[in-house]
>>> print(open('input.txt').read())   # compact mmCIF, N, CA and C atoms
# COMPACT_ATOMS: atom_id res chain seq x y z
N MET A 104 -36.51 -56.84 0.85
CA MET A 104 -36.35 -56.93 -0.58
C MET A 104 -35.40 -55.83 -1.04
N VAL A 105 -34.43 -56.19 -1.84
CA VAL A 105 -33.46 -55.24 -2.38
C VAL A 105 -33.82 -54.96 -3.83
N TRP A 106 -33.89 -53.68 -4.15
CA TRP A 106 -34.20 -53.27 -5.53
C TRP A 106 -32.91 -52.91 -6.22
N GLU A 107 -32.74 -53.45 -7.40
CA GLU A 107 -31.60 -53.08 -8.21
C GLU A 107 -32.11 -52.47 -9.50
N ILE A 108 -31.46 -51.42 -9.90
CA ILE A 108 -31.82 -50.75 -11.14
C ILE A 108 -30.62 -50.78 -12.06
N ASN A 109 -30.82 -51.28 -13.25
CA ASN A 109 -29.77 -51.27 -14.25
C ASN A 109 -29.85 -49.92 -14.96
N VAL A 110 -28.98 -49.00 -14.57
CA VAL A 110 -29.01 -47.64 -15.09
C VAL A 110 -28.84 -47.61 -16.60
N SER A 111 -28.08 -48.53 -17.14
CA SER A 111 -27.83 -48.52 -18.58
C SER A 111 -29.09 -48.86 -19.38
N SER A 112 -30.09 -49.46 -18.72
CA SER A 112 -31.31 -49.81 -19.44
C SER A 112 -32.34 -48.68 -19.42
N ILE A 113 -32.04 -47.63 -18.67
CA ILE A 113 -32.96 -46.49 -18.59
C ILE A 113 -32.63 -45.53 -19.72
N ALA A 114 -33.66 -45.09 -20.43
CA ALA A 114 -33.45 -44.16 -21.55
C ALA A 114 -32.93 -42.83 -21.02
N PRO A 115 -31.98 -42.21 -21.73
CA PRO A 115 -31.47 -40.91 -21.30
C PRO A 115 -32.54 -39.83 -21.44
N MET A 116 -32.28 -38.71 -20.78
CA MET A 116 -33.17 -37.58 -20.83
C MET A 116 -33.33 -37.10 -22.28
N ASN A 117 -34.52 -36.72 -22.64
CA ASN A 117 -34.77 -36.19 -23.97
C ASN A 117 -34.16 -34.79 -24.06
N ALA A 118 -33.22 -34.61 -24.95
CA ALA A 118 -32.51 -33.33 -25.08
C ALA A 118 -33.47 -32.19 -25.40
N ASN A 119 -34.60 -32.46 -26.05
CA ASN A 119 -35.56 -31.40 -26.35
C ASN A 119 -36.16 -30.80 -25.09
N LYS A 120 -36.17 -31.57 -24.00
CA LYS A 120 -36.72 -31.06 -22.75
C LYS A 120 -35.75 -30.10 -22.07
N LEU A 121 -34.55 -29.99 -22.58
CA LEU A 121 -33.56 -29.08 -22.01
C LEU A 121 -33.56 -27.72 -22.70
N ASN A 122 -34.57 -27.43 -23.48
CA ASN A 122 -34.62 -26.16 -24.22
C ASN A 122 -34.69 -24.95 -23.31
N PHE A 123 -35.05 -25.13 -22.05
CA PHE A 123 -35.12 -24.00 -21.13
C PHE A 123 -33.74 -23.50 -20.74
N LEU A 124 -32.71 -24.29 -21.01
CA LEU A 124 -31.35 -23.89 -20.65
C LEU A 124 -30.83 -22.85 -21.63
N ASN A 125 -30.12 -21.88 -21.09
CA ASN A 125 -29.44 -20.92 -21.94
C ASN A 125 -28.17 -21.55 -22.47
N ASN A 126 -27.62 -20.94 -23.49
CA ASN A 126 -26.36 -21.42 -24.03
C ASN A 126 -25.31 -21.46 -22.92
N GLN A 127 -24.50 -22.49 -22.93
CA GLN A 127 -23.41 -22.67 -21.98
C GLN A 127 -23.88 -22.97 -20.55
N GLN A 128 -25.05 -23.59 -20.39
CA GLN A 128 -25.54 -23.97 -19.08
C GLN A 128 -25.78 -25.47 -19.02
N SER A 129 -25.73 -25.99 -17.82
CA SER A 129 -26.11 -27.37 -17.57
C SER A 129 -27.21 -27.35 -16.52
N VAL A 130 -27.87 -28.47 -16.34
CA VAL A 130 -28.90 -28.57 -15.30
C VAL A 130 -28.27 -28.28 -13.94
N ALA A 131 -27.08 -28.82 -13.70
CA ALA A 131 -26.40 -28.58 -12.43
C ALA A 131 -26.15 -27.09 -12.20
N MET A 132 -25.77 -26.36 -13.27
CA MET A 132 -25.56 -24.92 -13.15
C MET A 132 -26.87 -24.19 -12.83
N VAL A 133 -27.95 -24.61 -13.45
CA VAL A 133 -29.25 -23.98 -13.20
C VAL A 133 -29.65 -24.19 -11.74
N ILE A 134 -29.43 -25.39 -11.23
CA ILE A 134 -29.75 -25.66 -9.82
C ILE A 134 -28.94 -24.73 -8.92
N THR A 135 -27.65 -24.61 -9.18
CA THR A 135 -26.79 -23.74 -8.38
C THR A 135 -27.25 -22.29 -8.48
N ASN A 136 -27.55 -21.82 -9.68
CA ASN A 136 -27.99 -20.43 -9.87
C ASN A 136 -29.32 -20.15 -9.18
N LEU A 137 -30.26 -21.09 -9.27
CA LEU A 137 -31.54 -20.91 -8.58
C LEU A 137 -31.35 -20.90 -7.07
N HIS A 138 -30.48 -21.76 -6.58
CA HIS A 138 -30.20 -21.78 -5.14
C HIS A 138 -29.68 -20.41 -4.70
N GLU A 139 -28.75 -19.86 -5.44
CA GLU A 139 -28.20 -18.54 -5.11
C GLU A 139 -29.27 -17.45 -5.19
N LEU A 140 -30.11 -17.51 -6.21
CA LEU A 140 -31.18 -16.52 -6.36
C LEU A 140 -32.13 -16.56 -5.17
N PHE A 141 -32.58 -17.74 -4.78
CA PHE A 141 -33.51 -17.85 -3.66
C PHE A 141 -32.84 -17.47 -2.34
N LYS A 142 -31.56 -17.79 -2.19
CA LYS A 142 -30.83 -17.41 -0.98
C LYS A 142 -30.70 -15.89 -0.91
N ASP A 143 -30.40 -15.25 -2.04
CA ASP A 143 -30.30 -13.79 -2.07
C ASP A 143 -31.63 -13.12 -1.76
N ASN A 144 -32.72 -13.63 -2.35
CA ASN A 144 -34.04 -13.06 -2.07
C ASN A 144 -34.43 -13.25 -0.61
N TYR A 145 -34.13 -14.41 -0.06
CA TYR A 145 -34.40 -14.67 1.36
C TYR A 145 -33.67 -13.65 2.23
N SER A 146 -32.39 -13.45 1.94
CA SER A 146 -31.59 -12.47 2.71
C SER A 146 -32.14 -11.07 2.55
N HIS A 147 -32.52 -10.71 1.33
CA HIS A 147 -33.07 -9.38 1.06
C HIS A 147 -34.30 -9.12 1.93
N TYR A 148 -35.22 -10.07 1.98
CA TYR A 148 -36.45 -9.88 2.75
C TYR A 148 -36.18 -9.90 4.26
N LYS A 149 -35.17 -10.65 4.71
CA LYS A 149 -34.81 -10.64 6.13
C LYS A 149 -34.26 -9.26 6.51
N ILE A 150 -33.46 -8.68 5.63
CA ILE A 150 -32.93 -7.33 5.88
C ILE A 150 -34.06 -6.32 5.88
N GLU A 151 -34.96 -6.44 4.91
CA GLU A 151 -36.10 -5.53 4.83
C GLU A 151 -36.96 -5.64 6.09
N ARG A 152 -37.15 -6.86 6.59
CA ARG A 152 -37.93 -7.05 7.82
C ARG A 152 -37.25 -6.32 8.98
N SER A 153 -35.95 -6.43 9.09
CA SER A 153 -35.22 -5.74 10.17
C SER A 153 -35.38 -4.23 10.07
N ARG A 154 -35.33 -3.74 8.84
CA ARG A 154 -35.50 -2.30 8.63
C ARG A 154 -36.88 -1.84 9.08
N LEU A 155 -37.91 -2.62 8.74
CA LEU A 155 -39.27 -2.26 9.12
C LEU A 155 -39.49 -2.38 10.63
N VAL A 156 -38.89 -3.36 11.25
CA VAL A 156 -39.01 -3.50 12.71
C VAL A 156 -38.40 -2.28 13.39
N SER A 157 -37.28 -1.81 12.85
CA SER A 157 -36.66 -0.59 13.40
C SER A 157 -37.57 0.61 13.23
N GLN A 158 -38.23 0.72 12.07
CA GLN A 158 -39.16 1.82 11.83
C GLN A 158 -40.36 1.73 12.76
N LEU A 159 -40.81 0.52 13.03
CA LEU A 159 -42.00 0.31 13.86
C LEU A 159 -41.78 0.87 15.26
N GLU A 160 -40.57 0.76 15.77
CA GLU A 160 -40.26 1.21 17.12
C GLU A 160 -40.44 2.71 17.28
N THR A 161 -40.23 3.47 16.21
CA THR A 161 -40.31 4.93 16.31
C THR A 161 -41.50 5.52 15.55
N ALA A 162 -42.34 4.67 14.98
CA ALA A 162 -43.45 5.15 14.13
C ALA A 162 -44.59 5.71 14.98
N GLU A 163 -45.28 6.66 14.37
CA GLU A 163 -46.50 7.20 14.96
C GLU A 163 -47.59 6.11 14.89
N ALA A 164 -48.63 6.25 15.67
CA ALA A 164 -49.69 5.24 15.77
C ALA A 164 -50.32 4.93 14.41
N GLU A 165 -50.61 5.96 13.62
CA GLU A 165 -51.26 5.72 12.32
C GLU A 165 -50.33 5.02 11.33
N GLU A 166 -49.04 5.22 11.49
CA GLU A 166 -48.06 4.59 10.60
C GLU A 166 -47.77 3.13 10.99
N GLN A 167 -48.00 2.79 12.25
CA GLN A 167 -47.71 1.44 12.73
C GLN A 167 -48.54 0.37 12.02
N GLY A 168 -49.79 0.67 11.68
CA GLY A 168 -50.64 -0.29 10.97
C GLY A 168 -50.10 -0.63 9.60
N ARG A 169 -49.64 0.39 8.90
CA ARG A 169 -49.06 0.17 7.57
C ARG A 169 -47.78 -0.66 7.67
N ILE A 170 -46.95 -0.35 8.64
CA ILE A 170 -45.70 -1.09 8.82
C ILE A 170 -45.99 -2.53 9.22
N GLN A 171 -46.96 -2.74 10.10
CA GLN A 171 -47.30 -4.10 10.51
C GLN A 171 -47.83 -4.93 9.34
N GLN A 172 -48.61 -4.30 8.46
CA GLN A 172 -49.08 -5.01 7.26
C GLN A 172 -47.91 -5.36 6.35
N ALA A 173 -46.98 -4.43 6.18
CA ALA A 173 -45.80 -4.70 5.36
C ALA A 173 -44.98 -5.83 5.98
N LEU A 174 -44.87 -5.85 7.30
CA LEU A 174 -44.15 -6.94 7.97
C LEU A 174 -44.83 -8.28 7.74
N LYS A 175 -46.15 -8.28 7.79
CA LYS A 175 -46.90 -9.52 7.54
C LYS A 175 -46.64 -10.02 6.11
N ASP A 176 -46.65 -9.11 5.14
CA ASP A 176 -46.37 -9.48 3.75
C ASP A 176 -44.95 -10.02 3.60
N ILE A 177 -44.00 -9.37 4.25
CA ILE A 177 -42.61 -9.80 4.16
C ILE A 177 -42.41 -11.15 4.81
N GLU A 178 -43.12 -11.42 5.88
CA GLU A 178 -43.01 -12.74 6.53
C GLU A 178 -43.42 -13.85 5.54
N GLY A 179 -44.43 -13.57 4.72
CA GLY A 179 -44.83 -14.54 3.69
C GLY A 179 -43.73 -14.76 2.67
N GLU A 180 -43.09 -13.69 2.24
CA GLU A 180 -41.99 -13.79 1.29
C GLU A 180 -40.82 -14.57 1.90
N ILE A 181 -40.52 -14.27 3.15
CA ILE A 181 -39.42 -14.98 3.84
C ILE A 181 -39.72 -16.47 3.91
N ALA A 182 -40.95 -16.82 4.22
CA ALA A 182 -41.32 -18.24 4.31
C ALA A 182 -41.17 -18.93 2.95
N ILE A 183 -41.66 -18.29 1.90
CA ILE A 183 -41.59 -18.88 0.56
C ILE A 183 -40.13 -19.04 0.12
N TYR A 184 -39.37 -17.96 0.19
CA TYR A 184 -37.98 -18.04 -0.26
C TYR A 184 -37.13 -18.93 0.64
N GLY A 185 -37.49 -19.02 1.92
CA GLY A 185 -36.79 -19.93 2.81
C GLY A 185 -36.95 -21.38 2.38
N VAL A 186 -38.18 -21.76 2.06
CA VAL A 186 -38.44 -23.13 1.60
C VAL A 186 -37.75 -23.39 0.27
N LEU A 187 -37.86 -22.46 -0.67
CA LEU A 187 -37.21 -22.62 -1.96
C LEU A 187 -35.69 -22.71 -1.81
N GLN A 188 -35.14 -21.86 -0.96
CA GLN A 188 -33.69 -21.90 -0.73
C GLN A 188 -33.28 -23.24 -0.13
N ASP A 189 -34.04 -23.73 0.85
CA ASP A 189 -33.71 -25.02 1.47
C ASP A 189 -33.77 -26.16 0.46
N ALA A 190 -34.82 -26.17 -0.35
CA ALA A 190 -34.99 -27.25 -1.34
C ALA A 190 -33.86 -27.23 -2.36
N LEU A 191 -33.53 -26.04 -2.86
CA LEU A 191 -32.46 -25.95 -3.86
C LEU A 191 -31.10 -26.17 -3.24
N SER A 192 -30.93 -25.84 -1.97
CA SER A 192 -29.68 -26.12 -1.27
C SER A 192 -29.43 -27.62 -1.22
N ILE A 193 -30.48 -28.37 -0.90
CA ILE A 193 -30.36 -29.83 -0.86
C ILE A 193 -30.03 -30.36 -2.25
N ALA A 194 -30.77 -29.91 -3.26
CA ALA A 194 -30.52 -30.37 -4.63
C ALA A 194 -29.10 -30.01 -5.07
N ASP A 195 -28.67 -28.80 -4.75
CA ASP A 195 -27.34 -28.33 -5.13
C ASP A 195 -26.26 -29.19 -4.48
N ARG A 196 -26.41 -29.47 -3.19
CA ARG A 196 -25.41 -30.31 -2.50
C ARG A 196 -25.40 -31.72 -3.05
N VAL A 197 -26.58 -32.30 -3.26
CA VAL A 197 -26.65 -33.68 -3.73
C VAL A 197 -26.08 -33.82 -5.13
N ILE A 198 -26.46 -32.92 -6.03
CA ILE A 198 -26.05 -33.04 -7.43
C ILE A 198 -24.55 -32.84 -7.58
N HIS A 199 -23.92 -32.19 -6.61
CA HIS A 199 -22.48 -31.94 -6.69
C HIS A 199 -21.65 -32.85 -5.79
N THR A 200 -22.27 -33.86 -5.18
CA THR A 200 -21.48 -34.81 -4.39
C THR A 200 -20.71 -35.73 -5.32
N ARG A 201 -19.58 -36.18 -4.84
CA ARG A 201 -18.76 -37.08 -5.64
C ARG A 201 -19.51 -38.36 -6.00
N THR A 202 -20.29 -38.85 -5.06
CA THR A 202 -21.02 -40.10 -5.30
C THR A 202 -22.02 -39.95 -6.44
N VAL A 203 -22.81 -38.89 -6.41
CA VAL A 203 -23.81 -38.68 -7.46
C VAL A 203 -23.12 -38.39 -8.79
N MET A 204 -22.09 -37.56 -8.76
CA MET A 204 -21.37 -37.25 -9.99
C MET A 204 -20.75 -38.53 -10.58
N GLY A 205 -20.24 -39.38 -9.71
CA GLY A 205 -19.67 -40.63 -10.17
C GLY A 205 -20.72 -41.57 -10.74
N GLU A 206 -21.87 -41.64 -10.09
CA GLU A 206 -22.95 -42.52 -10.57
C GLU A 206 -23.51 -42.04 -11.90
N LEU A 207 -23.75 -40.74 -12.00
CA LEU A 207 -24.34 -40.21 -13.24
C LEU A 207 -23.29 -40.09 -14.34
N GLY A 208 -22.07 -39.78 -13.96
CA GLY A 208 -21.00 -39.64 -14.93
C GLY A 208 -20.92 -38.24 -15.51
N PRO A 209 -19.74 -37.82 -15.91
CA PRO A 209 -19.56 -36.46 -16.43
C PRO A 209 -20.29 -36.20 -17.74
N ASP A 210 -20.65 -37.26 -18.45
CA ASP A 210 -21.37 -37.08 -19.72
C ASP A 210 -22.89 -37.07 -19.53
N SER A 211 -23.33 -37.13 -18.29
CA SER A 211 -24.76 -37.10 -18.02
C SER A 211 -25.37 -35.78 -18.47
N ASP A 212 -26.63 -35.79 -18.88
CA ASP A 212 -27.31 -34.56 -19.27
C ASP A 212 -27.39 -33.56 -18.12
N VAL A 213 -27.25 -34.04 -16.90
CA VAL A 213 -27.29 -33.14 -15.75
C VAL A 213 -26.07 -32.23 -15.73
N TYR A 214 -24.92 -32.74 -16.14
CA TYR A 214 -23.67 -31.97 -16.08
C TYR A 214 -23.22 -31.44 -17.44
N ARG A 215 -23.75 -31.99 -18.50
CA ARG A 215 -23.34 -31.58 -19.84
C ARG A 215 -23.83 -30.16 -20.11
N VAL A 216 -22.92 -29.34 -20.61
CA VAL A 216 -23.26 -27.95 -20.94
C VAL A 216 -24.12 -27.96 -22.20
N HIS A 217 -25.21 -27.22 -22.14
CA HIS A 217 -26.13 -27.11 -23.27
C HIS A 217 -25.64 -26.02 -24.21
N HIS A 218 -25.66 -26.33 -25.49
CA HIS A 218 -25.28 -25.34 -26.51
C HIS A 218 -26.48 -25.10 -27.39
N ASN A 219 -26.86 -23.84 -27.50
CA ASN A 219 -27.97 -23.49 -28.39
C ASN A 219 -27.54 -23.76 -29.82
N THR A 220 -28.37 -24.46 -30.53
CA THR A 220 -28.09 -24.69 -31.95
C THR A 220 -29.23 -24.13 -32.76
N PRO A 221 -28.92 -23.43 -33.82
CA PRO A 221 -29.98 -22.85 -34.63
C PRO A 221 -30.85 -23.93 -35.26
N VAL A 222 -32.15 -23.66 -35.29
CA VAL A 222 -33.08 -24.58 -35.91
C VAL A 222 -33.08 -24.34 -37.41
N SER A 223 -32.90 -25.42 -38.20
CA SER A 223 -32.84 -25.21 -39.65
C SER A 223 -34.18 -25.48 -40.30
>>> encode(input="input.txt", output="structure tokens")
Amino acid sequence: MVWEINVSSIAPMNANKLNFLNNQQSVAMVITNLHELFKDNYSHYKIERSRLVSQLETAEAEEQGRIQQALKDIEGEIAIYGVLQDALSIADRVIHTRTVMGELGPDSDVYRVHHNTPVS
């Protein structure tokens, strides 16, 4: 069975739901910015883990327990940010492909820059 969807019959996104966007942002920009944020945090914790592993090699016995606990905590952060980075990387790549951009169109709420307007 082949499913066909008539995109023109689907109601557009409610602009009020885009209130989380800052002035001069689009949903596509937010996806890209979040991807970069999660990638940066992932890298930060990987570097921190390397630093702690280096400290562990030369630490006194009483200090090793503290470092091992910090490593355990950092492994959790690496796992979380790794998953978030991967998910946003996929979204970022998909939303910026020519095919998706062509299907949604440049006037889509996903690509349209949001402008804050004062409430009267």
>>> residues_around(input="input.txt", residues="Asp212 (chain A)", least_positions_apart="2", cutoff="7 Å", atoms="all atoms listed in the file", output="ChimeraX atom specification")
/A:116,129-131,209-210,214-216
>>> atom_distance(input="input.txt", atom1="atom N of Ile134 (chain A)", atom2="atom N of Leu191 (chain A)")
9.3 Å
>>> atom_distance(input="input.txt", atom1="CA of Val186 (chain A)", atom2="CA of Gly208 (chain A)")
29.2 Å
>>> closest_residue(input="input.txt", among="A:Glu160, A:Glu165, A:Gln127, A:Glu180", to="Tyr148 (chain A)", atoms="only C-alpha atoms")
A:Glu180
>>> atom_distance(input="input.txt", atom1="atom C of His199 (chain A)", atom2="CA of Leu137 (chain A)")
15.8 Å
>>> decode(input="input.txt", residues="region 138-178 of chain A", atoms="N, CA and C atoms", output="PDB file, in the first residue's frame")
ATOM      1  N   HIS A 138      22.699  21.651  17.973  1.00  0.00           N
ATOM      2  CA  HIS A 138      23.665  20.636  17.561  1.00  0.00           C
ATOM      3  C   HIS A 138      25.077  21.067  17.952  1.00  0.00           C
ATOM      4  N   GLU A 139      25.420  22.305  17.659  1.00  0.00           N
ATOM      5  CA  GLU A 139      26.746  22.823  18.011  1.00  0.00           C
ATOM      6  C   GLU A 139      26.964  22.841  19.525  1.00  0.00           C
ATOM      7  N   LEU A 140      25.943  23.254  20.267  1.00  0.00           N
ATOM      8  CA  LEU A 140      26.045  23.285  21.730  1.00  0.00           C
ATOM      9  C   LEU A 140      26.313  21.896  22.291  1.00  0.00           C
ATOM     10  N   PHE A 141      25.548  20.905  21.856  1.00  0.00           N
ATOM     11  CA  PHE A 141      25.723  19.548  22.371  1.00  0.00           C
ATOM     12  C   PHE A 141      27.061  18.956  21.924  1.00  0.00           C
ATOM     13  N   LYS A 142      27.499  19.283  20.713  1.00  0.00           N
ATOM     14  CA  LYS A 142      28.796  18.813  20.229  1.00  0.00           C
ATOM     15  C   LYS A 142      29.922  19.423  21.062  1.00  0.00           C
ATOM     16  N   ASP A 143      29.809  20.712  21.368  1.00  0.00           N
ATOM     17  CA  ASP A 143      30.820  21.381  22.196  1.00  0.00           C
ATOM     18  C   ASP A 143      30.866  20.801  23.602  1.00  0.00           C
ATOM     19  N   ASN A 144      29.691  20.572  24.205  1.00  0.00           N
ATOM     20  CA  ASN A 144      29.659  19.987  25.551  1.00  0.00           C
ATOM     21  C   ASN A 144      30.227  18.572  25.553  1.00  0.00           C
ATOM     22  N   TYR A 145      29.909  17.798  24.530  1.00  0.00           N
ATOM     23  CA  TYR A 145      30.453  16.441  24.402  1.00  0.00           C
ATOM     24  C   TYR A 145      31.982  16.496  24.354  1.00  0.00           C
ATOM     25  N   SER A 146      32.513  17.382  23.525  1.00  0.00           N
ATOM     26  CA  SER A 146      33.972  17.527  23.411  1.00  0.00           C
ATOM     27  C   SER A 146      34.585  17.979  24.726  1.00  0.00           C
ATOM     28  N   HIS A 147      33.930  18.921  25.392  1.00  0.00           N
ATOM     29  CA  HIS A 147      34.425  19.418  26.679  1.00  0.00           C
ATOM     30  C   HIS A 147      34.575  18.276  27.688  1.00  0.00           C
ATOM     31  N   TYR A 148      33.554  17.443  27.808  1.00  0.00           N
ATOM     32  CA  TYR A 148      33.603  16.350  28.774  1.00  0.00           C
ATOM     33  C   TYR A 148      34.598  15.265  28.362  1.00  0.00           C
ATOM     34  N   LYS A 149      34.809  15.058  27.064  1.00  0.00           N
ATOM     35  CA  LYS A 149      35.820  14.097  26.613  1.00  0.00           C
ATOM     36  C   LYS A 149      37.218  14.599  26.996  1.00  0.00           C
ATOM     37  N   ILE A 150      37.443  15.898  26.841  1.00  0.00           N
ATOM     38  CA  ILE A 150      38.728  16.484  27.232  1.00  0.00           C
ATOM     39  C   ILE A 150      38.906  16.385  28.742  1.00  0.00           C
ATOM     40  N   GLU A 151      37.856  16.694  29.475  1.00  0.00           N
ATOM     41  CA  GLU A 151      37.916  16.615  30.940  1.00  0.00           C
ATOM     42  C   GLU A 151      38.212  15.179  31.379  1.00  0.00           C
ATOM     43  N   ARG A 152      37.606  14.204  30.706  1.00  0.00           N
ATOM     44  CA  ARG A 152      37.863  12.797  31.038  1.00  0.00           C
ATOM     45  C   ARG A 152      39.341  12.473  30.821  1.00  0.00           C
ATOM     46  N   SER A 153      39.908  12.931  29.724  1.00  0.00           N
ATOM     47  CA  SER A 153      41.335  12.684  29.455  1.00  0.00           C
ATOM     48  C   SER A 153      42.217  13.304  30.532  1.00  0.00           C
ATOM     49  N   ARG A 154      41.847  14.501  30.942  1.00  0.00           N
ATOM     50  CA  ARG A 154      42.612  15.177  31.998  1.00  0.00           C
ATOM     51  C   ARG A 154      42.575  14.376  33.295  1.00  0.00           C
ATOM     52  N   LEU A 155      41.400  13.872  33.649  1.00  0.00           N
ATOM     53  CA  LEU A 155      41.262  13.093  34.882  1.00  0.00           C
ATOM     54  C   LEU A 155      41.986  11.752  34.787  1.00  0.00           C
ATOM     55  N   VAL A 156      41.959  11.128  33.634  1.00  0.00           N
ATOM     56  CA  VAL A 156      42.677   9.859  33.456  1.00  0.00           C
ATOM     57  C   VAL A 156      44.172  10.091  33.657  1.00  0.00           C
ATOM     58  N   SER A 157      44.662  11.211  33.148  1.00  0.00           N
ATOM     59  CA  SER A 157      46.078  11.553  33.347  1.00  0.00           C
ATOM     60  C   SER A 157      46.382  11.761  34.823  1.00  0.00           C
ATOM     61  N   GLN A 158      45.482  12.423  35.546  1.00  0.00           N
ATOM     62  CA  GLN A 158      45.670  12.638  36.982  1.00  0.00           C
ATOM     63  C   GLN A 158      45.631  11.323  37.743  1.00  0.00           C
ATOM     64  N   LEU A 159      44.778  10.422  37.303  1.00  0.00           N
ATOM     65  CA  LEU A 159      44.608   9.142  37.992  1.00  0.00           C
ATOM     66  C   LEU A 159      45.906   8.345  37.992  1.00  0.00           C
ATOM     67  N   GLU A 160      46.666   8.446  36.920  1.00  0.00           N
ATOM     68  CA  GLU A 160      47.911   7.697  36.789  1.00  0.00           C
ATOM     69  C   GLU A 160      48.943   8.093  37.839  1.00  0.00           C
ATOM     70  N   THR A 161      48.904   9.342  38.281  1.00  0.00           N
ATOM     71  CA  THR A 161      49.910   9.817  39.233  1.00  0.00           C
ATOM     72  C   THR A 161      49.331  10.126  40.614  1.00  0.00           C
ATOM     73  N   ALA A 162      48.051   9.855  40.815  1.00  0.00           N
ATOM     74  CA  ALA A 162      47.388  10.222  42.080  1.00  0.00           C
ATOM     75  C   ALA A 162      47.758   9.259  43.200  1.00  0.00           C
ATOM     76  N   GLU A 163      47.734   9.820  44.407  1.00  0.00           N
ATOM     77  CA  GLU A 163      47.907   9.012  45.606  1.00  0.00           C
ATOM     78  C   GLU A 163      46.656   8.142  45.789  1.00  0.00           C
ATOM     79  N   ALA A 164      46.753   7.109  46.582  1.00  0.00           N
ATOM     80  CA  ALA A 164      45.662   6.139  46.764  1.00  0.00           C
ATOM     81  C   ALA A 164      44.370   6.811  47.239  1.00  0.00           C
ATOM     82  N   GLU A 165      44.470   7.717  48.190  1.00  0.00           N
ATOM     83  CA  GLU A 165      43.251   8.360  48.715  1.00  0.00           C
ATOM     84  C   GLU A 165      42.601   9.290  47.688  1.00  0.00           C
ATOM     85  N   GLU A 166      43.395   9.828  46.785  1.00  0.00           N
ATOM     86  CA  GLU A 166      42.880  10.723  45.746  1.00  0.00           C
ATOM     87  C   GLU A 166      42.254   9.949  44.577  1.00  0.00           C
ATOM     88  N   GLN A 167      42.674   8.708  44.378  1.00  0.00           N
ATOM     89  CA  GLN A 167      42.176   7.908  43.264  1.00  0.00           C
ATOM     90  C   GLN A 167      40.666   7.665  43.336  1.00  0.00           C
ATOM     91  N   GLY A 168      40.121   7.490  44.529  1.00  0.00           N
ATOM     92  CA  GLY A 168      38.676   7.281  44.684  1.00  0.00           C
ATOM     93  C   GLY A 168      37.873   8.483  44.223  1.00  0.00           C
ATOM     94  N   ARG A 169      38.343   9.661  44.587  1.00  0.00           N
ATOM     95  CA  ARG A 169      37.666  10.886  44.166  1.00  0.00           C
ATOM     96  C   ARG A 169      37.726  11.049  42.651  1.00  0.00           C
ATOM     97  N   ILE A 170      38.873  10.776  42.079  1.00  0.00           N
ATOM     98  CA  ILE A 170      39.037  10.902  40.628  1.00  0.00           C
ATOM     99  C   ILE A 170      38.177   9.866  39.909  1.00  0.00           C
ATOM    100  N   GLN A 171      38.128   8.648  40.419  1.00  0.00           N
ATOM    101  CA  GLN A 171      37.309   7.613  39.791  1.00  0.00           C
ATOM    102  C   GLN A 171      35.824   7.973  39.837  1.00  0.00           C
ATOM    103  N   GLN A 172      35.380   8.579  40.941  1.00  0.00           N
ATOM    104  CA  GLN A 172      33.986   9.025  41.014  1.00  0.00           C
ATOM    105  C   GLN A 172      33.720  10.140  40.009  1.00  0.00           C
ATOM    106  N   ALA A 173      34.663  11.067  39.889  1.00  0.00           N
ATOM    107  CA  ALA A 173      34.515  12.144  38.910  1.00  0.00           C
ATOM    108  C   ALA A 173      34.482  11.569  37.494  1.00  0.00           C
ATOM    109  N   LEU A 174      35.298  10.560  37.223  1.00  0.00           N
ATOM    110  CA  LEU A 174      35.282   9.907  35.911  1.00  0.00           C
ATOM    111  C   LEU A 174      33.941   9.238  35.636  1.00  0.00           C
ATOM    112  N   LYS A 175      33.384   8.609  36.656  1.00  0.00           N
ATOM    113  CA  LYS A 175      32.074   7.967  36.505  1.00  0.00           C
ATOM    114  C   LYS A 175      31.005   9.015  36.168  1.00  0.00           C
ATOM    115  N   ASP A 176      31.042  10.152  36.863  1.00  0.00           N
ATOM    116  CA  ASP A 176      30.091  11.234  36.595  1.00  0.00           C
ATOM    117  C   ASP A 176      30.259  11.778  35.175  1.00  0.00           C
ATOM    118  N   ILE A 177      31.500  11.948  34.761  1.00  0.00           N
ATOM    119  CA  ILE A 177      31.774  12.483  33.431  1.00  0.00           C
ATOM    120  C   ILE A 177      31.338  11.503  32.349  1.00  0.00           C
ATOM    121  N   GLU A 178      31.480  10.220  32.598  1.00  0.00           N
ATOM    122  CA  GLU A 178      31.018   9.225  31.618  1.00  0.00           C
ATOM    123  C   GLU A 178      29.514   9.375  31.373  1.00  0.00           C
TER     124      GLU A 178
END
